[in-house]
file final-v4.txt (compact mmCIF, C-alpha atoms and all ligand atoms)
# COMPACT_ATOMS: atom_id res chain seq x y z
CA MET A 14 7.50 22.72 -39.06
CA SER A 15 7.22 19.05 -39.87
CA LEU A 16 5.80 16.50 -37.47
CA LYS A 17 8.11 13.81 -36.09
CA LYS A 18 7.38 10.18 -36.73
CA ALA A 19 6.81 7.87 -33.78
CA GLN A 20 10.17 6.16 -34.29
CA ASP A 21 11.94 9.56 -34.02
CA LEU A 22 10.57 10.29 -30.53
CA ALA A 23 12.59 9.58 -27.38
CA GLU A 24 11.41 6.66 -25.26
CA ALA A 25 9.31 7.88 -22.40
CA GLY A 26 6.73 6.38 -20.11
CA VAL A 27 7.74 2.94 -21.28
CA ILE A 28 7.97 0.14 -18.73
CA THR A 29 10.82 -2.01 -19.94
CA GLU A 30 10.91 -4.33 -16.91
CA ALA A 31 7.69 -5.67 -15.45
CA GLY A 32 7.35 -5.09 -11.69
CA ASN A 33 9.86 -2.23 -11.55
CA ALA A 34 7.52 -0.07 -9.42
CA GLU A 35 8.89 -1.94 -6.40
CA SER A 36 12.27 -0.28 -7.02
CA PHE A 37 10.89 3.20 -6.33
CA LYS A 38 10.14 4.21 -2.76
CA THR A 39 6.99 6.27 -3.05
CA GLY A 40 5.91 6.29 0.59
CA ASP A 41 7.29 9.78 1.23
CA TRP A 42 4.26 11.31 -0.52
CA ARG A 43 2.15 10.56 2.56
CA THR A 44 0.50 12.99 4.96
CA PHE A 45 -1.27 10.27 6.96
CA VAL A 46 0.06 6.81 7.78
CA PRO A 47 -1.76 3.63 8.87
CA GLN A 48 -0.88 2.22 12.28
CA PHE A 49 -1.39 -1.51 12.73
CA TYR A 50 -2.58 -2.97 16.05
CA PRO A 51 -2.13 -6.76 15.69
CA ALA A 52 -4.09 -7.54 18.87
CA ASN A 53 -7.24 -6.12 17.24
CA CYS A 54 -6.78 -7.85 13.88
CA ILE A 55 -9.28 -10.59 12.98
CA GLN A 56 -7.31 -11.53 9.81
CA CYS A 57 -10.21 -10.84 7.45
CA LEU A 58 -7.68 -9.62 4.83
CA PHE A 59 -10.00 -6.79 3.68
CA CYS A 60 -7.02 -4.40 3.93
CA TRP A 61 -4.93 -6.64 1.68
CA ILE A 62 -7.75 -6.95 -0.87
CA TYR A 63 -8.49 -3.22 -1.06
CA CYS A 64 -5.01 -1.64 -0.79
CA PRO A 65 -4.33 -0.08 -4.21
CA ASP A 66 -0.56 -0.19 -3.67
CA ALA A 67 -0.12 -3.79 -2.51
CA SER A 68 1.37 -2.39 0.70
CA ILE A 69 -0.19 -4.78 3.20
CA LYS A 70 2.43 -7.30 4.32
CA VAL A 71 1.08 -10.85 4.59
CA ASP A 72 2.88 -13.91 5.98
CA LEU A 73 1.99 -16.90 3.76
CA SER A 74 4.10 -19.48 5.59
CA GLY A 75 1.33 -20.93 7.80
CA ASP A 76 -2.04 -22.62 7.16
CA LYS A 77 -3.78 -19.27 6.69
CA PRO A 78 -2.38 -15.94 5.45
CA GLN A 79 -1.66 -13.51 8.28
CA VAL A 80 -1.45 -9.72 8.02
CA VAL A 81 1.80 -8.73 9.74
CA GLY A 82 2.21 -5.04 8.93
CA ILE A 83 2.46 -2.29 6.33
CA ASP A 84 5.12 -1.73 3.69
CA LEU A 85 5.79 1.93 4.51
CA ASP A 86 8.22 2.33 1.59
CA HIS A 87 5.28 2.12 -0.81
CA CYS A 88 2.11 2.95 1.20
CA LYS A 89 0.69 6.29 -0.06
CA GLY A 90 -1.45 6.91 3.03
CA CYS A 91 -4.76 6.83 1.17
CA GLY A 92 -6.58 5.36 4.19
CA ILE A 93 -8.59 2.77 2.25
CA CYS A 94 -7.25 -0.05 4.44
CA ALA A 95 -8.32 1.70 7.65
CA ASN A 96 -11.70 2.52 6.12
CA GLU A 97 -12.33 -1.12 5.23
CA CYS A 98 -10.91 -2.58 8.46
CA PRO A 99 -13.82 -3.79 10.60
CA PRO A 100 -13.71 -3.18 14.33
CA ALA A 101 -12.65 -6.36 16.07
CA ALA A 102 -14.72 -8.01 18.81
CA LYS A 103 -13.42 -5.49 21.33
CA GLY A 104 -14.73 -2.62 19.18
CA LYS A 105 -11.22 -1.43 18.31
CA ALA A 106 -9.97 -1.37 14.73
CA ALA A 107 -6.65 -2.92 13.82
CA LEU A 108 -5.79 -0.15 11.35
CA VAL A 109 -6.02 3.51 12.26
CA MET A 110 -4.78 6.48 10.22
CA VAL A 111 -2.65 9.06 12.02
CA ARG A 112 -0.87 12.18 10.77
CA GLU A 113 2.69 11.28 9.85
CA GLU A 114 5.50 13.04 11.70
CA LYS A 115 8.34 13.83 9.23
S1 LIG A 201 -3.07 3.68 3.46
FE1 LIG A 201 -3.61 3.09 1.34
S2 LIG A 201 -1.67 2.58 0.39
FE2 LIG A 201 -1.30 2.57 2.59
S3 LIG A 201 -1.58 0.44 3.22
FE3 LIG A 201 -3.55 1.50 3.48
S4 LIG A 201 -4.68 1.14 1.58
FE4 LIG A 201 -2.51 0.67 1.19
S1 LIG A 202 -8.79 -5.29 7.53
FE1 LIG A 202 -8.17 -4.98 9.67
S2 LIG A 202 -8.92 -6.81 10.75
FE2 LIG A 202 -8.91 -7.29 8.55
S3 LIG A 202 -6.90 -8.23 8.18
FE3 LIG A 202 -6.66 -6.05 7.76
S4 LIG A 202 -5.93 -5.19 9.70
FE4 LIG A 202 -6.76 -7.21 10.16

call {"tool": "encode", "arguments": {"input": "final-v4.txt", "output": "structure tokens"}}
result
Amino acid sequence: MSLKKAQDLAEAGVITEAGNAESFKTGDWRTFVPQFYPANCIQCLFCWIYCPDASIKVDLSGDKPQVVGIDLDHCKGCGICANECPPAAKGKAALVMVREEK
């Protein structure tokens, strides 16, 4: 048996268009889902900084960026955002993980 050369192999695992991950809805892998409570949000943006899937929606139209929700098409339910979300002044967090109902 002879080994194939690299140019004889089929293309695989090659990203031909940058940013194409947005085209694939990967949120259905989740078991838990973050719930956002805007009234408790202090707009620290920790969730946006730490989310590994860029799934925190931020409105950039005003003077300061504002977290407005979660992109549930791409959120994997890892819970990092809820873990990093500090309790607001009322002692209630703005992001809480709950089991997702399918
Ligand atoms: S649960 Fe994970 S993937 Fe989903 S928004 Fe939070 S940090 Fe991002
Ligand atoms: S980490 Fe929590 S308090 Fe901070 S911006 Fe995100 S949701 Fe709001």

call {"tool": "residues_near_point", "arguments": {"input": "final-v4.txt", "point": "(-6.8, 1.3, 11.7)", "cutoff": "8 Å", "atoms": "all atoms listed in the file", "output": "list in words"}}
result
Pro47, Gln48, Phe49, Tyr50, Cys94, Ala95, Asn96, Cys98, Ala106, Ala107, Leu108, Val109 and Met110 of chain A

call {"tool": "residues_around", "arguments": {"input": "final-v4.txt", "residues": "stretch 80-86 of chain A", "least_positions_apart": "3", "cutoff": "10 Å", "atoms": "only C-alpha atoms", "output": "count of residues only"}}
result
33

call {"tool": "closest_residue", "arguments": {"input": "final-v4.txt", "among": "A:Gly75, A:Val111, A:Pro100, A:Tyr63", "to": "ligand LIG 201 (chain A)", "atoms": "all atoms listed in the file"}}
result
A:Tyr63

call {"tool": "axis_aligned_box", "arguments": {"input": "final-v4.txt", "around": "ligand LIG 201 (chain A)", "padding_each_side": "8 Å", "output": "AutoDock Vina command-line options"}}
result
--center_x -3.0 --center_y 2.1 --center_z 1.9 --size_x 19.4 --size_y 19.2 --size_z 19.1

call {"tool": "closest_residue", "arguments": {"input": "final-v4.txt", "among": "A:Gln79, A:Glu113, A:Ala52, A:Thr44", "to": "A:Cys91", "atoms": "all atoms listed in the file"}}
result
A:Thr44

call {"tool": "atom_distance", "arguments": {"input": "final-v4.txt", "atom1": "atom CA of A:Glu114", "atom2": "atom CA of A:Phe45"}}
result
8.7 Å

call {"tool": "closest_residue", "arguments": {"input": "final-v4.txt", "among": "A:Gln20, A:Arg112, A:Ala101, A:His87", "to": "ligand LIG 201 (chain A)", "atoms": "only C-alpha atoms and all ligand atoms"}}
result
A:His87

call {"tool": "atom_distance", "arguments": {"input": "final-v4.txt", "atom1": "atom CA of A:Ile62", "atom2": "atom CA of A:Gly104"}}
result
21.7 Å

call {"tool": "closest_residue", "arguments": {"input": "final-v4.txt", "among": "A:Glu24, A:Phe59, A:Glu30, A:Met14", "to": "ligand LIG 201 (chain A)", "atoms": "only C-alpha atoms and all ligand atoms"}}
result
A:Phe59

call {"tool": "atom_distance", "arguments": {"input": "final-v4.txt", "atom1": "atom FE2 of ligand LIG 201 (chain A)", "atom2": "atom CA of A:Val27"}}
result
25.5 Å

call {"tool": "closest_residue", "arguments": {"input": "final-v4.txt", "among": "A:Asn53, A:Pro78, A:Ser15, A:Glu97", "to": "ligand LIG 201 (chain A)", "atoms": "only C-alpha atoms and all ligand atoms"}}
result
A:Glu97

call {"tool": "closest_residue", "arguments": {"input": "final-v4.txt", "among": "A:Ile93, A:Ala34, A:Leu16, A:Ile28", "to": "ligand LIG 202 (chain A)", "atoms": "all atoms listed in the file"}}
result
A:Ile93
